[in-house]
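So the structure is just underneath, and the comments pick up after that.
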Amino acid sequence: MEAEKYQIDLGNLMAFDPTHHFQSIPSTREELARVCIDKGTELVQSIANALFGLPSTADPDGPLVKLPPPTTKLPREKHLPKPKPPTKWEQFAKMKGIKNHKKDKRVFDEQTGTWKRRYGYDRVNDDKDVPIIEAKMTDEPGEDPFSKRMSEKKQRVEKQDKNRLQNLKQAMKADALPSHVQLAATALPITGTKREVPKKASREELESVAGMAASATASGGKFDKKLPGEKPAKHAGKYRKFLPVVEGKGMGSQERQQTEKILNKLMAKSSHDILDVDKASCHNVQREGREEAQERQRAGGSFIFKIKQV
Amino acid sequence: MLKVKTPKTHRAKRALEKRAPRLASTRPLLPLLVENSKKTLILHGTKTSDVLNAVLTQIHHLKRDNSIRYTKRNDNIRPFESGGEASLEFFSQKTDCSLFVFGSHSKKRPNNLVLGRMYDHHVYDLVEVGVENFKSLESFVYDKKIAPRAATKPFFAFIGEGFESVEELKHLKEVLLDLFRGEAVENINLSGIDRVFVCTAISSTTVFMTHCALRLKRSGTAIPRMELVEVGPSMDLVVRRHRLPNESLKKEAMKTASHQPKKKMKNVHRDLVQGKIGKVYMPDQQVGDMTLTSNIKGLKRERRESKTKNAPKDDQSKKRKTEDQ
């Protein structure tokens with residue numbers, strides 16, 4: 001009877017009376033509270049009737065009752081976890097029909113005659129346990145087989161790291177990255193391919209920019225009004241570098257290089273408008289000489305000239 | 001270039017995994033399809049009255065098992081305005097809370113309480129209520145032996161047709177249920193039921209809410225007689241503004257793992273006697289359309305046969321050749 005009157009959601013231990021209506025709201029608070037609690041008692045009793053009617057199991061702390069699932073639907077807190085896309089290997093294994101099977105963690109190592117881990121530190125068939133490598137005919141002379149083995153191992157590890165990153169990227173695309181893994185950018189992304197994260201300007205950068213702006217007036221900021229809280233620029237001018245005068249190697253030759261650089265620049269700039277008259281006339285003379293010699297050859301002269309080309 | 005960042009300690013890893021969205025609760029006794037219980041964040045606005053301070057403290061007290069209370073004033077939280085939820089969402093992210101109670105007091109809206117829910121750390125829905133006629137926990141006199149214990153599962157009694165007919169109250173009912181229901185459980189210990197929230201719709205905007213302790217009295221039958229003792233706090237909630245969730249967001253948030261439709265296999269059905277039965281459709285053989293070439297298998301076989309017939313001859317000729325050499 002009561003169960004029909006009230007809506008009961010046993011999963012949430014909730015009862016709802018949609019028919020109740022106040023004819024007149026009680027005048028005092030005490031009266032209102034009393035009426036409400038009386039009504040509430042009825043509702044709670046109806047929940048209890050349903051609850052205690054459920055089959056219970058004995059427990060040292062008291063009888064346990066299995067609740068039915070709640071009928072009032074409440075929203076989730078977070079989205080449903082998305083399925084992880086298969087890794088490249090999983091795809092390949094599925095294609096080839098390769099199935100995983102369990103292997104023992106401990107394996108007998110014949111090299112040392114002891115039981116060792118299959119993988120990881122101090123593992124079975126560890127390269128480190130082999131102190132001597134037999135030389136083969138194919139070995140290149142002068143190559144250290146031990147360092148070769150090390151570098152090969154390093155390459156394998158790097159390859160695996162690369163594969164892992166690739167699989168994680170795929171998982172990130174599917175929004176199914178494992179919760180403890182984060183992919184962080186180590187360099188700025190190429191513009192247009194990925195959303196850019198604007199870098200927050202650091203304190204130093206802001207200070208240096210503010211200093212530059214403050215001194216960018218005719219007086220170098222000397223007669224400008226200072227803003228409240230503005231500090232003087234930390235380095236007003238440039239740092240001046242003094243190079244060693246005595247010539248030498250490295251730093252010592254920098255002075256010379258610097259002057260040469262400037263000189264070259266100057267020479268290069270003014271070279272096109274200076275005509276070296278001597279050089280030009282010399283060139284002309286040589287050309288004339290060449291023509292004469294050719295004529296002489298044609299005439300069958302006995303002189304043979306070797307003409308230097310200019 | 002991307003770098004893989006993983007926590008350095010197991011503790012940090014566990015903490016991160018705890019926050020991840022999940023199908024099931026981490027606790028093994030709970031049903032597989034239930035999430036972990038929602039945490040509540042309690043916040044103060046720019047100004048809060050004494051009444052509101054008491055309300056917020058006591059809500060925190062009622063939910064002390066999974067609630068976080070911030071006592072600093074927040075002047076940039078305005079949940080109903082666009083842009084005013086930014087820092088709220090940040091706090092939700094930071095504390096991993098998906099319910100919030102925000103108290104503020106102004107001339108226009110005195111003793112204002114905003115109850116809201118978050119989905120994926122974004123505001124899901126909001127209800128704004130004014131608190132009136134507040135009676136604190138301390139003002140109730142009762143036998144302390146029956147005081148409800150911390151973190152027990154409460155009963156709810158909603159009284160009044162307003163909760164069905166008035167949109168705001170219907171919404172408020174759902175939010176109150178979500179806020180106070182505690183952990184979603186599969187099993188309940190009958191000796192551990194000791195509290196009830198009684199909410200009565202007095203008018204189309206006002207809800208009288210009180211918190212009572214439950215006393216189980218002998219009734220002579222297996223079902224005990226329930227007795228309610230008011231233990232407080234009690235207050236009137238006057239609904240002001242409210243914002244329902246976005247329809248698409250609601251659909252997304254209401255998804256449960258069991259709701260995900262199982263992909264139906266075509267042409268396969270189950271029979272009680274015969275078990276799994278599948279139908280196979282063969283397309284008609286298009287004999288007329290087949291192109292006839294010399295590459296037909298039948299022809300090849302003929303050639304092979306002729307080869308085997310001629311084979312001994314070939315062998316002899318070969319042998320002869322070798323003999324000649």
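By order of appearance in the structure tokens: chains A, B, ..., then residues from 1 within every chain, and ligands from 1 in the order shown.
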
Fill in: Residues near segment 51-61 of chain B, cut-off 7 Å, only C-alpha atoms, skip fewer than 4 positions along chain, as a PyMOL selection string
chain B and resi 42+67+69+103+111

Counting only C-alpha atoms, collect the residues of chain A whose closest atom lies at most 6 Å from chain B, and write them out as a compact mmCIF listing (two decimals) with C-alpha atoms, in the first residue's frame.
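Result file follows (out_10.txt):
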# COMPACT_ATOMS: atom_id res chain seq x y z
CA LEU A 13 17.86 4.78 0.39
CA MET A 14 15.50 7.48 -0.83
CA ALA A 15 11.76 7.84 -0.63
CA PHE A 16 9.73 10.53 -2.33
CA ASP A 17 6.16 11.50 -1.68
CA PRO A 18 4.92 13.35 -4.77
CA THR A 19 1.35 13.65 -3.53
CA HIS A 20 1.86 15.62 -0.36
CA HIS A 21 0.53 19.13 -0.38
CA GLY A 40 9.47 11.96 7.09
CA GLN A 45 9.42 3.57 7.68
CA PHE A 52 14.45 -5.15 6.09
CA GLY A 62 25.56 -6.79 11.94
CA PRO A 63 23.29 -8.09 9.20
CA LEU A 64 24.45 -7.22 5.70
CA VAL A 65 21.91 -6.48 2.99
CA LYS A 66 22.61 -6.37 -0.71
CA LEU A 67 21.07 -3.23 -2.16
CA PRO A 75 25.92 11.89 -13.60
CA ARG A 76 29.38 10.46 -13.63
CA GLU A 77 32.30 12.38 -12.19
CA LYS A 78 34.61 11.78 -15.13
CA PRO A 81 37.90 5.40 -19.66
CA SER A 179 47.01 8.02 -16.18
CA HIS A 180 50.56 8.10 -14.82
CA VAL A 181 52.19 8.94 -18.15
CA GLN A 182 52.48 12.44 -19.45
CA LEU A 183 53.90 13.46 -22.79
CA ALA A 184 55.68 16.76 -22.49
CA ALA A 185 57.12 18.82 -25.29
CA THR A 186 60.88 19.17 -25.14
CA ALA A 187 61.00 21.71 -27.94

Discussion item. So the first atom is atom CA of Leu137 of chain B and the second is atom CA of Phe180 of chain B; what is the distance between them in Å, to one decimal place?
Written reply: 16.4 Å

Worksheet item: Residues of segment 21-245 of chain B in alpha helix (DSSP H) according to DSSP, as a ChimeraX atom specification?
Response: /B:50-62,86-95,162-165,167-180
